[in-house]
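A.B. asks: Structure incoming, see below.
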Amino acid sequence: MNAVGERHRETIQPEFDRSISIDFTGATITSDAGMLLLRQVDERFKFLEKAASAICDPRTPGRTEHSVLDLLRQRVYLVDAGYEDCNDADCLRIDPALRLAIGKKDGFAASQPTLCRFENDILATDAGIKALETGLSRSAATLLGWRNKRRLILDVDSTDDPVHGKQEGAAFNGYYEQVCYHPLLCFTSHGDLVSAKLRPGNVSSADGIIEMLSPVMNRYRHRFKQMWLRGDAGFARPEVYEFCETHRTIYFIRLPSNNALKKLVQPHLDRAGEPPSESGEWVKVIEFEYQAESWTKPRRVVCKIEWHVENMFPQVGFIVTNSRLSAADVVEVYNGRAGIENRIKEGKNTLRWDKTSCHRFQTNEARLLIGALAYNLLHMLRCTAFWGEKVQPSLDGVMRRLIKVGARVVYHARRWHVHVASAFPLRRYYLIVLT
């Protein structure tokens, strides 16, 4: 690696003990040895190579130091290591683990201005956004092929990305009661991110859902015998039902309550003579045919009526479905979509999907898609390292336990040696991933 001299050393001596000195000249020390795990998973499944192959590079070949694949890897790896934007790149470009991970053994990684130009001039274009979406769909296909399941369960949901300033596409959303963007996300039941779309803040939850689902359905129809869709009340639209029925997809969508539905369930709200459960709760599940004014035909609606000891009135929820499962099973399947809330929280809290602070809308859309690629890569690392374990850690746990690992990197006898602490308690996960 490039030598780092002792000049301009910044030494700090803490007041509690002047015999201790702290400096920042450990050029062969890294705090992110787990980036090598990211590269291993990336290389094994060709996550980012497939995405980079779809990106058109407008730069002059003879004047470029870093390839598109190098820049994309550096950007995604930094997000997975907790550096959500490009501001830290100038310091991290000399990090030995990052340089080894992206193949820059004898040179530095890209600087902050280079990454910003890559993000704004190459990725934040119509062609760049399409290439990132292609890369995301290919990464999801890799995850789905690795699982080898016969049924594909898709969960759709939207969330808010608050903005602070006059950014393109930012608007007030009445549901979230703030100025924000309103991204649309599609996951599988196993937490694989299939598609992500940044939208203006004032659109409805279901806006663009057909355009998002159509290529997904066409792409995976031949691979899976069954396809299920789950969504909350924001996706209770007749066009969504008709789309699923046309594409032979089973849907489980929460239906907002109205006076007509309340009238239909009124005879079932009496629990006289019914014994409560051991927890003090009493649950009743019924079903009936219902047709709203905007529907072209009646559809099956399953209703769950639930009493709690501390509540005076029951909680009533409706699910519209074209499934032939029993009413109780319909409720159980729909309840399984609760996991998507945790996946979105992981993306926002750990990978900072909501770091959409650029002025241009397309730049923020590119950032969301970069975060989506980083999510799938880190999620694949989690699935690989913790395969077979009943409880898998959160993405934050994976980052803190496997990525943020200190190590000393030295070059000796034409080999690079990464020395992790001998007392490192999670070495077996490194062995699982790297061998």
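Letters A, B, ... go to the chains of the structure tokens in the order shown; residues in each chain start at 1; ligands are counted from 1 in the same order.
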Skipping near chain neighbours, those fewer than 2 positions away, what residues fall within 8 Å of stretch 387-400 of chain A using only C-alpha atoms, listed as a PyMOL selection string?
C.D. replies: chain A and resi 80-82+346+350+378-379+382-385+402-405
A.B. asks: What's around stretch 242-249 of chain A at 12 Å? Count only C-alpha atoms, leave out sequence neighbours fewer than 2 positions away in its own chain, and write the answer as an mmCIF file with C-alpha atoms, in the first residue's frame.
C.D. replies:
data_model
loop_
_atom_site.group_PDB
_atom_site.id
_atom_site.type_symbol
_atom_site.label_atom_id
_atom_site.label_comp_id
_atom_site.auth_asym_id
_atom_site.auth_seq_id
_atom_site.Cartn_x
_atom_site.Cartn_y
_atom_site.Cartn_z
ATOM 1 C CA ARG A 151 -44.477 -19.853 -3.752
ATOM 2 C CA LEU A 152 -43.652 -16.154 -4.020
ATOM 3 C CA ILE A 153 -45.275 -13.890 -1.427
ATOM 4 C CA LEU A 154 -44.942 -10.175 -2.164
ATOM 5 C CA ILE A 209 -48.356 0.029 -7.777
ATOM 6 C CA ILE A 210 -49.525 -1.590 -11.042
ATOM 7 C CA GLU A 211 -46.449 -0.296 -12.885
ATOM 8 C CA MET A 212 -44.244 -1.742 -10.142
ATOM 9 C CA LEU A 213 -45.937 -5.144 -9.913
ATOM 10 C CA SER A 214 -46.390 -5.810 -13.628
ATOM 11 C CA PRO A 215 -42.712 -6.490 -14.490
ATOM 12 C CA VAL A 216 -42.272 -8.423 -11.249
ATOM 13 C CA MET A 217 -45.194 -10.698 -12.087
ATOM 14 C CA ASN A 218 -43.981 -11.226 -15.645
ATOM 15 C CA TYR A 220 -41.238 -14.569 -11.934
ATOM 16 C CA ARG A 221 -44.427 -16.143 -13.298
ATOM 17 C CA PHE A 224 -43.215 -19.925 -9.094
ATOM 18 C CA LYS A 225 -46.374 -21.991 -9.158
ATOM 19 C CA GLN A 226 -48.140 -19.596 -6.781
ATOM 20 C CA MET A 227 -47.895 -15.837 -6.338
ATOM 21 C CA TRP A 228 -49.458 -14.028 -3.393
ATOM 22 C CA LEU A 229 -49.762 -10.301 -2.746
ATOM 23 C CA ARG A 230 -50.301 -8.668 0.655
ATOM 24 C CA ALA A 236 -57.481 -1.393 -1.361
ATOM 25 C CA ARG A 237 -58.248 -0.324 -4.925
ATOM 26 C CA PRO A 238 -60.440 -2.155 -7.475
ATOM 27 C CA GLU A 239 -57.716 -1.821 -10.122
ATOM 28 C CA VAL A 240 -55.340 -3.730 -7.832
ATOM 29 C CA TYR A 251 -54.259 -11.161 -2.903
ATOM 30 C CA PHE A 252 -54.791 -10.433 0.795
ATOM 31 C CA ILE A 253 -55.495 -6.725 1.208
ATOM 32 C CA SER A 294 -66.722 0.996 -7.460
ATOM 33 C CA TRP A 295 -66.360 -2.787 -7.860
ATOM 34 C CA THR A 296 -67.517 -4.637 -10.954
ATOM 35 C CA LYS A 297 -68.377 -7.792 -9.015
ATOM 36 C CA PRO A 298 -68.771 -9.050 -5.427
ATOM 37 C CA ARG A 299 -65.646 -10.315 -3.654
ATOM 38 C CA THR A 321 -59.195 -11.733 -0.876
ATOM 39 C CA ASN A 322 -59.680 -14.125 -3.774
ATOM 40 C CA SER A 323 -58.074 -16.976 -1.831
#
A.B. asks: Please identify all polymer residues within 10 Å of A:Ser326, counting only C-alpha atoms, omitting same-chain residues fewer than 5 positions from it, and present them as a PyMOL selection string.
C.D. replies: chain A and resi 285-287+302+331-332
A.B. asks: Can I get the selection written as a CSV table (one decimal), in the first residue's frame, with N, CA and C atoms?
C.D. replies:
chain,number,residue,atom,x,y,z
A,285,VAL,N,-63.9,-15.0,13.8
A,285,VAL,CA,-63.6,-14.8,12.4
A,285,VAL,C,-64.8,-15.2,11.5
A,286,ILE,N,-65.3,-14.3,10.7
A,286,ILE,CA,-66.4,-14.6,9.8
A,286,ILE,C,-66.1,-14.2,8.4
A,287,GLU,N,-66.9,-14.6,7.4
A,287,GLU,CA,-66.7,-14.2,6.0
A,287,GLU,C,-68.0,-14.0,5.3
A,302,VAL,N,-63.1,-11.3,4.5
A,302,VAL,CA,-63.0,-12.0,5.8
A,302,VAL,C,-62.8,-10.9,6.9
A,331,VAL,N,-56.6,-14.8,7.7
A,331,VAL,CA,-56.2,-13.8,8.7
A,331,VAL,C,-54.7,-14.1,9.1
A,332,GLU,N,-54.4,-15.3,9.2
A,332,GLU,CA,-53.0,-15.7,9.6
A,332,GLU,C,-52.0,-15.3,8.5
A.B. asks: Would you mind writing down, as an mmCIF file with N, CA and C atoms, in the first residue's frame, each residue of stretch 175-412 of chain A that DSSP on the backbone assigns to strand (DSSP E or B)?
C.D. replies:
data_model
loop_
_atom_site.group_PDB
_atom_site.id
_atom_site.type_symbol
_atom_site.label_atom_id
_atom_site.label_comp_id
_atom_site.auth_asym_id
_atom_site.auth_seq_id
_atom_site.Cartn_x
_atom_site.Cartn_y
_atom_site.Cartn_z
ATOM 1 N N GLN A 178 -46.529 16.036 7.150
ATOM 2 C CA GLN A 178 -45.239 16.698 6.980
ATOM 3 C C GLN A 178 -44.887 16.755 5.509
ATOM 4 N N VAL A 179 -43.923 17.591 5.164
ATOM 5 C CA VAL A 179 -43.406 17.666 3.807
ATOM 6 C C VAL A 179 -42.390 16.537 3.638
ATOM 7 N N CYS A 180 -42.569 15.724 2.613
ATOM 8 C CA CYS A 180 -41.749 14.524 2.501
ATOM 9 C C CYS A 180 -41.769 13.994 1.078
ATOM 10 N N TYR A 181 -40.962 12.954 0.850
ATOM 11 C CA TYR A 181 -41.130 12.061 -0.287
ATOM 12 C C TYR A 181 -41.944 10.859 0.193
ATOM 13 N N LEU A 184 -42.315 3.936 -2.551
ATOM 14 C CA LEU A 184 -43.077 2.692 -2.644
ATOM 15 C C LEU A 184 -42.092 1.536 -2.690
ATOM 16 N N LEU A 185 -42.331 0.507 -1.862
ATOM 17 C CA LEU A 185 -41.386 -0.598 -1.723
ATOM 18 C C LEU A 185 -42.109 -1.925 -1.859
ATOM 19 N N CYS A 186 -41.415 -2.903 -2.422
ATOM 20 C CA CYS A 186 -41.959 -4.249 -2.579
ATOM 21 C C CYS A 186 -40.929 -5.258 -2.090
ATOM 22 N N PHE A 187 -41.288 -6.044 -1.079
ATOM 23 C CA PHE A 187 -40.431 -7.070 -0.496
ATOM 24 C C PHE A 187 -41.058 -8.446 -0.718
ATOM 25 N N THR A 188 -40.239 -9.472 -0.579
ATOM 26 C CA THR A 188 -40.767 -10.825 -0.452
ATOM 27 C C THR A 188 -40.995 -11.115 1.026
ATOM 28 N N LEU A 193 -35.627 -7.391 -1.017
ATOM 29 C CA LEU A 193 -36.189 -6.192 -1.631
ATOM 30 C C LEU A 193 -36.254 -6.378 -3.143
ATOM 31 N N VAL A 194 -37.456 -6.413 -3.676
ATOM 32 C CA VAL A 194 -37.663 -6.689 -5.103
ATOM 33 C C VAL A 194 -37.671 -5.414 -5.927
ATOM 34 N N SER A 195 -38.279 -4.368 -5.402
ATOM 35 C CA SER A 195 -38.397 -3.135 -6.167
ATOM 36 C C SER A 195 -38.566 -1.963 -5.220
ATOM 37 N N ALA A 196 -38.070 -0.788 -5.640
ATOM 38 C CA ALA A 196 -38.197 0.438 -4.847
ATOM 39 C C ALA A 196 -38.383 1.605 -5.799
ATOM 40 N N LYS A 197 -39.250 2.527 -5.424
ATOM 41 C CA LYS A 197 -39.552 3.673 -6.278
ATOM 42 C C LYS A 197 -39.760 4.908 -5.420
ATOM 43 N N GLN A 226 -47.164 -20.455 -7.438
ATOM 44 C CA GLN A 226 -48.140 -19.596 -6.781
ATOM 45 C C GLN A 226 -47.521 -18.235 -6.504
ATOM 46 N N MET A 227 -48.330 -17.193 -6.661
ATOM 47 C CA MET A 227 -47.895 -15.837 -6.338
ATOM 48 C C MET A 227 -48.964 -15.180 -5.483
ATOM 49 N N TRP A 228 -48.552 -14.674 -4.326
ATOM 50 C CA TRP A 228 -49.458 -14.028 -3.393
ATOM 51 C C TRP A 228 -49.040 -12.572 -3.214
ATOM 52 N N LEU A 229 -50.017 -11.717 -2.999
ATOM 53 C CA LEU A 229 -49.762 -10.301 -2.746
ATOM 54 C C LEU A 229 -50.468 -9.882 -1.465
ATOM 55 N N ARG A 230 -49.724 -9.177 -0.593
ATOM 56 C CA ARG A 230 -50.301 -8.668 0.655
ATOM 57 C C ARG A 230 -50.073 -7.164 0.734
ATOM 58 N N GLY A 231 -51.102 -6.452 1.188
ATOM 59 C CA GLY A 231 -50.994 -5.002 1.309
ATOM 60 C C GLY A 231 -51.965 -4.473 2.333
ATOM 61 N N ILE A 250 -52.995 -14.427 -6.037
ATOM 62 C CA ILE A 250 -53.860 -14.400 -4.852
ATOM 63 C C ILE A 250 -53.520 -13.161 -4.040
ATOM 64 N N TYR A 251 -54.516 -12.386 -3.669
ATOM 65 C CA TYR A 251 -54.259 -11.161 -2.903
ATOM 66 C C TYR A 251 -54.942 -11.224 -1.536
ATOM 67 N N PHE A 252 -54.285 -10.590 -0.575
ATOM 68 C CA PHE A 252 -54.791 -10.433 0.795
ATOM 69 C C PHE A 252 -54.579 -8.967 1.151
ATOM 70 N N ILE A 253 -55.622 -8.173 1.041
ATOM 71 C CA ILE A 253 -55.495 -6.725 1.208
ATOM 72 C C ILE A 253 -56.496 -6.249 2.260
ATOM 73 N N ARG A 254 -56.014 -5.470 3.180
ATOM 74 C CA ARG A 254 -56.885 -4.940 4.220
ATOM 75 C C ARG A 254 -57.883 -3.959 3.612
ATOM 76 N N LEU A 255 -59.125 -4.052 4.050
ATOM 77 C CA LEU A 255 -60.209 -3.232 3.510
ATOM 78 C C LEU A 255 -60.623 -2.192 4.553
ATOM 79 N N TRP A 282 -61.032 -12.550 23.215
ATOM 80 C CA TRP A 282 -62.016 -13.383 22.520
ATOM 81 C C TRP A 282 -62.011 -12.973 21.057
ATOM 82 N N VAL A 283 -61.835 -13.962 20.179
ATOM 83 C CA VAL A 283 -61.683 -13.687 18.753
ATOM 84 C C VAL A 283 -62.716 -14.473 17.970
ATOM 85 N N LYS A 284 -63.299 -13.828 16.993
ATOM 86 C CA LYS A 284 -64.250 -14.477 16.108
ATOM 87 C C LYS A 284 -63.931 -14.066 14.674
ATOM 88 N N VAL A 285 -63.913 -15.046 13.760
ATOM 89 C CA VAL A 285 -63.603 -14.785 12.353
ATOM 90 C C VAL A 285 -64.794 -15.209 11.511
ATOM 91 N N ILE A 286 -65.286 -14.298 10.666
ATOM 92 C CA ILE A 286 -66.420 -14.587 9.798
ATOM 93 C C ILE A 286 -66.059 -14.179 8.368
ATOM 94 N N GLU A 287 -66.881 -14.566 7.424
ATOM 95 C CA GLU A 287 -66.673 -14.170 6.035
ATOM 96 C C GLU A 287 -68.007 -13.956 5.348
ATOM 97 N N PHE A 288 -67.985 -13.143 4.290
ATOM 98 C CA PHE A 288 -69.211 -12.856 3.545
ATOM 99 C C PHE A 288 -68.835 -12.272 2.190
ATOM 100 N N GLU A 289 -69.794 -12.209 1.291
ATOM 101 C CA GLU A 289 -69.613 -11.590 -0.017
ATOM 102 C C GLU A 289 -69.979 -10.113 0.084
ATOM 103 N N TYR A 290 -69.168 -9.290 -0.561
ATOM 104 C CA TYR A 290 -69.397 -7.841 -0.481
ATOM 105 C C TYR A 290 -69.007 -7.205 -1.804
ATOM 106 N N ARG A 299 -66.880 -9.616 -4.020
ATOM 107 C CA ARG A 299 -65.646 -10.315 -3.654
ATOM 108 C C ARG A 299 -65.739 -10.813 -2.226
ATOM 109 N N ARG A 300 -64.906 -11.782 -1.933
ATOM 110 C CA ARG A 300 -64.903 -12.392 -0.611
ATOM 111 C C ARG A 300 -64.206 -11.466 0.388
ATOM 112 N N VAL A 301 -64.850 -11.253 1.528
ATOM 113 C CA VAL A 301 -64.296 -10.437 2.598
ATOM 114 C C VAL A 301 -64.274 -11.265 3.875
ATOM 115 N N VAL A 302 -63.114 -11.306 4.522
ATOM 116 C CA VAL A 302 -62.951 -11.995 5.802
ATOM 117 C C VAL A 302 -62.849 -10.939 6.890
ATOM 118 N N CYS A 303 -63.585 -11.143 7.961
ATOM 119 C CA CYS A 303 -63.637 -10.173 9.054
ATOM 120 C C CYS A 303 -63.153 -10.826 10.350
ATOM 121 N N LYS A 304 -62.244 -10.144 11.024
ATOM 122 C CA LYS A 304 -61.760 -10.600 12.335
ATOM 123 C C LYS A 304 -62.296 -9.654 13.403
ATOM 124 N N ILE A 305 -63.041 -10.240 14.354
ATOM 125 C CA ILE A 305 -63.607 -9.471 15.466
ATOM 126 C C ILE A 305 -62.870 -9.891 16.734
ATOM 127 N N GLU A 306 -62.286 -8.914 17.421
ATOM 128 C CA GLU A 306 -61.418 -9.222 18.556
ATOM 129 C C GLU A 306 -61.775 -8.334 19.741
ATOM 130 N N TRP A 307 -62.067 -8.977 20.871
ATOM 131 C CA TRP A 307 -62.331 -8.254 22.113
ATOM 132 C C TRP A 307 -61.117 -8.355 23.039
ATOM 133 N N GLN A 315 -62.398 -4.731 18.413
ATOM 134 C CA GLN A 315 -61.620 -4.295 17.256
ATOM 135 C C GLN A 315 -62.036 -5.139 16.057
ATOM 136 N N VAL A 316 -62.383 -4.467 14.971
ATOM 137 C CA VAL A 316 -62.905 -5.146 13.790
ATOM 138 C C VAL A 316 -62.007 -4.814 12.603
ATOM 139 N N GLY A 317 -61.519 -5.849 11.906
ATOM 140 C CA GLY A 317 -60.690 -5.657 10.727
ATOM 141 C C GLY A 317 -61.212 -6.456 9.556
ATOM 142 N N PHE A 318 -61.086 -5.911 8.341
ATOM 143 C CA PHE A 318 -61.604 -6.558 7.140
ATOM 144 C C PHE A 318 -60.457 -6.833 6.165
ATOM 145 N N ILE A 319 -60.522 -7.988 5.522
ATOM 146 C CA ILE A 319 -59.533 -8.378 4.514
ATOM 147 C C ILE A 319 -60.277 -8.843 3.277
ATOM 148 N N VAL A 320 -59.992 -8.231 2.134
ATOM 149 C CA VAL A 320 -60.581 -8.676 0.880
ATOM 150 C C VAL A 320 -59.586 -9.611 0.206
ATOM 151 N N THR A 321 -60.083 -10.722 -0.319
ATOM 152 C CA THR A 321 -59.195 -11.733 -0.876
ATOM 153 C C THR A 321 -59.914 -12.551 -1.931
ATOM 154 N N ALA A 407 -8.961 -4.503 12.400
ATOM 155 C CA ALA A 407 -7.943 -5.443 11.926
ATOM 156 C C ALA A 407 -6.706 -4.670 11.489
ATOM 157 N N ARG A 408 -5.577 -5.367 11.463
ATOM 158 C CA ARG A 408 -4.330 -4.804 10.952
ATOM 159 C C ARG A 408 -4.021 -5.457 9.607
ATOM 160 N N VAL A 409 -3.740 -4.639 8.630
ATOM 161 C CA VAL A 409 -3.505 -5.125 7.277
ATOM 162 C C VAL A 409 -2.033 -4.880 6.914
ATOM 163 N N VAL A 410 -1.330 -5.936 6.529
ATOM 164 C CA VAL A 410 0.081 -5.817 6.154
ATOM 165 C C VAL A 410 0.323 -6.568 4.851
ATOM 166 N N TYR A 411 1.345 -6.136 4.128
ATOM 167 C CA TYR A 411 1.750 -6.780 2.879
ATOM 168 C C TYR A 411 3.083 -7.468 3.120
ATOM 169 N N HIS A 412 3.123 -8.785 2.907
ATOM 170 C CA HIS A 412 4.343 -9.545 3.193
ATOM 171 C C HIS A 412 4.413 -10.736 2.238
#
A.B. asks: May I have the residues within 7 Å of stretch 83-96 of chain A as a ChimeraX atom specification, using only C-alpha atoms and disregarding those fewer than 3 positions away in the same chain?
C.D. replies: /A:28,30,78-79,99-100,108-112,115-116,351-352,409
A.B. asks: List every residue of stretch 216-416 of chain A that DSSP, applied to the backbone of this structure, places in alpha helix (DSSP H), and write the result as a ChimeraX atom specification.
C.D. replies: /A:216-220,238-246,259-265,327-335,339-349,361-385,395-398
A.B. asks: Restricting it to C-alpha atoms, dump the selection as a PDB file, in the first residue's frame.
C.D. replies:
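Written out: selection_6.pdb:
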ATOM      1  CA  VAL A 216     -42.272  -8.423 -11.249  1.00  0.00           C
ATOM      2  CA  MET A 217     -45.194 -10.698 -12.087  1.00  0.00           C
ATOM      3  CA  ASN A 218     -43.981 -11.226 -15.645  1.00  0.00           C
ATOM      4  CA  ARG A 219     -40.417 -11.903 -14.504  1.00  0.00           C
ATOM      5  CA  TYR A 220     -41.238 -14.569 -11.934  1.00  0.00           C
ATOM      6  CA  PRO A 238     -60.440  -2.155  -7.475  1.00  0.00           C
ATOM      7  CA  GLU A 239     -57.716  -1.821 -10.122  1.00  0.00           C
ATOM      8  CA  VAL A 240     -55.340  -3.730  -7.832  1.00  0.00           C
ATOM      9  CA  TYR A 241     -57.854  -6.555  -7.377  1.00  0.00           C
ATOM     10  CA  GLU A 242     -58.528  -6.738 -11.107  1.00  0.00           C
ATOM     11  CA  PHE A 243     -54.811  -6.731 -11.910  1.00  0.00           C
ATOM     12  CA  CYS A 244     -54.187  -9.639  -9.533  1.00  0.00           C
ATOM     13  CA  GLU A 245     -57.157 -11.589 -10.858  1.00  0.00           C
ATOM     14  CA  THR A 246     -55.950 -11.089 -14.424  1.00  0.00           C
ATOM     15  CA  ASN A 259     -71.018   1.879   7.137  1.00  0.00           C
ATOM     16  CA  ALA A 260     -72.007  -0.959   4.796  1.00  0.00           C
ATOM     17  CA  LEU A 261     -69.386  -3.291   6.262  1.00  0.00           C
ATOM     18  CA  LYS A 262     -70.299  -2.306   9.810  1.00  0.00           C
ATOM     19  CA  LYS A 263     -73.930  -3.173   9.077  1.00  0.00           C
ATOM     20  CA  LEU A 264     -72.955  -6.613   7.766  1.00  0.00           C
ATOM     21  CA  VAL A 265     -70.961  -7.522  10.897  1.00  0.00           C
ATOM     22  CA  ALA A 327     -61.155 -17.596   6.961  1.00  0.00           C
ATOM     23  CA  ALA A 328     -58.787 -18.243   9.876  1.00  0.00           C
ATOM     24  CA  ASP A 329     -55.931 -19.036   7.486  1.00  0.00           C
ATOM     25  CA  VAL A 330     -56.613 -15.852   5.516  1.00  0.00           C
ATOM     26  CA  VAL A 331     -56.168 -13.830   8.705  1.00  0.00           C
ATOM     27  CA  GLU A 332     -52.978 -15.695   9.569  1.00  0.00           C
ATOM     28  CA  VAL A 333     -51.509 -15.135   6.096  1.00  0.00           C
ATOM     29  CA  TYR A 334     -52.318 -11.432   6.186  1.00  0.00           C
ATOM     30  CA  ASN A 335     -50.798 -11.023   9.643  1.00  0.00           C
ATOM     31  CA  GLY A 339     -42.503  -8.189   8.870  1.00  0.00           C
ATOM     32  CA  ILE A 340     -42.343  -5.569   6.119  1.00  0.00           C
ATOM     33  CA  GLU A 341     -42.549  -2.835   8.740  1.00  0.00           C
ATOM     34  CA  ASN A 342     -39.337  -4.126  10.327  1.00  0.00           C
ATOM     35  CA  ARG A 343     -37.608  -4.326   6.928  1.00  0.00           C
ATOM     36  CA  ILE A 344     -38.456  -0.699   6.180  1.00  0.00           C
ATOM     37  CA  LYS A 345     -37.213   0.369   9.615  1.00  0.00           C
ATOM     38  CA  GLU A 346     -33.953  -1.473   8.970  1.00  0.00           C
ATOM     39  CA  GLY A 347     -33.507   0.329   5.679  1.00  0.00           C
ATOM     40  CA  LYS A 348     -34.279   3.750   7.143  1.00  0.00           C
ATOM     41  CA  ASN A 349     -32.536   3.455  10.518  1.00  0.00           C
ATOM     42  CA  PHE A 361     -35.357  14.465  -7.529  1.00  0.00           C
ATOM     43  CA  GLN A 362     -33.406  12.000  -9.694  1.00  0.00           C
ATOM     44  CA  THR A 363     -30.348  12.248  -7.449  1.00  0.00           C
ATOM     45  CA  ASN A 364     -32.505  11.349  -4.445  1.00  0.00           C
ATOM     46  CA  GLU A 365     -34.040   8.506  -6.446  1.00  0.00           C
ATOM     47  CA  ALA A 366     -30.553   7.217  -7.262  1.00  0.00           C
ATOM     48  CA  ARG A 367     -29.673   7.383  -3.547  1.00  0.00           C
ATOM     49  CA  LEU A 368     -32.721   5.328  -2.655  1.00  0.00           C
ATOM     50  CA  LEU A 369     -31.782   2.672  -5.230  1.00  0.00           C
ATOM     51  CA  ILE A 370     -28.156   2.613  -4.016  1.00  0.00           C
ATOM     52  CA  GLY A 371     -29.523   2.031  -0.516  1.00  0.00           C
ATOM     53  CA  ALA A 372     -31.763  -0.712  -1.894  1.00  0.00           C
ATOM     54  CA  LEU A 373     -28.760  -2.492  -3.451  1.00  0.00           C
ATOM     55  CA  ALA A 374     -26.875  -2.091  -0.170  1.00  0.00           C
ATOM     56  CA  TYR A 375     -29.846  -3.589   1.667  1.00  0.00           C
ATOM     57  CA  ASN A 376     -29.964  -6.703  -0.523  1.00  0.00           C
ATOM     58  CA  LEU A 377     -26.197  -7.198  -0.276  1.00  0.00           C
ATOM     59  CA  LEU A 378     -26.160  -6.910   3.524  1.00  0.00           C
ATOM     60  CA  HIS A 379     -29.315  -9.040   3.722  1.00  0.00           C
ATOM     61  CA  MET A 380     -27.606 -11.727   1.631  1.00  0.00           C
ATOM     62  CA  LEU A 381     -24.614 -11.600   3.980  1.00  0.00           C
ATOM     63  CA  ARG A 382     -26.989 -12.066   6.921  1.00  0.00           C
ATOM     64  CA  CYS A 383     -28.696 -15.033   5.275  1.00  0.00           C
ATOM     65  CA  THR A 384     -25.341 -16.622   4.401  1.00  0.00           C
ATOM     66  CA  ALA A 385     -23.618 -16.138   7.760  1.00  0.00           C
ATOM     67  CA  LEU A 395     -29.109  -5.479   9.751  1.00  0.00           C
ATOM     68  CA  ASP A 396     -27.811  -3.161  12.437  1.00  0.00           C
ATOM     69  CA  GLY A 397     -26.578  -6.216  14.345  1.00  0.00           C
ATOM     70  CA  VAL A 398     -24.881  -7.594  11.245  1.00  0.00           C
TER      71      VAL A 398
END
A.B. asks: Show me, as a PyMOL selection string, the residues that have an atom within 12 Å of A:Arg427 when counting only C-alpha atoms, minus same-chain residues fewer than 3 positions from it.
C.D. replies: chain A and resi 34+37+385+401-402+405+419-424+430-435
A.B. asks: One number please: atom CA of A:Asp126 to atom CA of A:Gly191, in Å, one decimal.
C.D. replies: 27.6 Å
A.B. asks: Tell me which of A:Leu36, A:Val163, A:Leu143, A:Ala54 sits closest to A:Leu123, counting only C-alpha atoms.
C.D. replies: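 Of all the options, A:Ala54 lies closest to A:Leu123.
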A.B. asks: May I ask for the distance between atom CA of A:Asn202 and atom CA of A:Pro162, given in Å to one decimal place?
C.D. replies: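 Separating atom CA of A:Asn202 from atom CA of A:Pro162 is a distance of 12.1 Å.
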A.B. asks: Please indicate the distance in Å from atom CA of A:Phe235 to atom CA of A:Ser205, rounded to one decimal place.
C.D. replies: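 Going from atom CA of A:Phe235 over to atom CA of A:Ser205, I get 6.6 Å.
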A.B. asks: Can you tell me, as a PyMOL selection string, what residues are no more than 10 Å from stretch 56-68 of chain A when counting only C-alpha atoms, ignoring any on the same chain fewer than 2 positions away?
C.D. replies: chain A and resi 49+51-54+70-74+104+107-110+114-115+118+121-123+127-128+131
A.B. asks: Convert the current residue selection to file output with C-alpha atoms, as a compact mmCIF listing (two decimals), in the first residue's frame.
C.D. replies:
# COMPACT_ATOMS: atom_id res chain seq x y z
CA GLU A 49 -21.38 -6.63 -11.43
CA ALA A 51 -25.87 -3.69 -12.06
CA ALA A 52 -22.66 -2.05 -13.28
CA SER A 53 -22.89 -3.84 -16.63
CA ALA A 54 -26.15 -1.97 -17.30
CA ASP A 70 -15.28 0.17 -8.69
CA LEU A 71 -17.32 3.29 -7.94
CA LEU A 72 -20.56 1.38 -7.46
CA ARG A 73 -18.87 -1.11 -5.15
CA GLN A 74 -17.27 1.64 -3.10
CA LYS A 104 -7.39 -1.02 -5.19
CA GLY A 107 -3.87 2.82 -5.00
CA PHE A 108 -6.45 4.88 -3.19
CA ALA A 109 -10.20 4.52 -3.56
CA ALA A 110 -12.28 7.30 -5.12
CA THR A 114 -15.43 11.66 -7.72
CA LEU A 115 -18.23 9.73 -6.00
CA PHE A 118 -20.61 9.50 -10.33
CA ASP A 121 -23.83 12.77 -13.55
CA ILE A 122 -24.04 9.03 -14.24
CA LEU A 123 -26.54 7.46 -11.85
CA ALA A 127 -30.42 5.67 -18.08
CA GLY A 128 -28.71 5.49 -14.68
CA ALA A 131 -29.69 0.58 -14.75
A.B. asks: Using only C-alpha atoms, which of A:Arg414, A:Ile55, A:Ala171, A:Trp146 sits nearest A:Lys130?
C.D. replies: A:Ile55
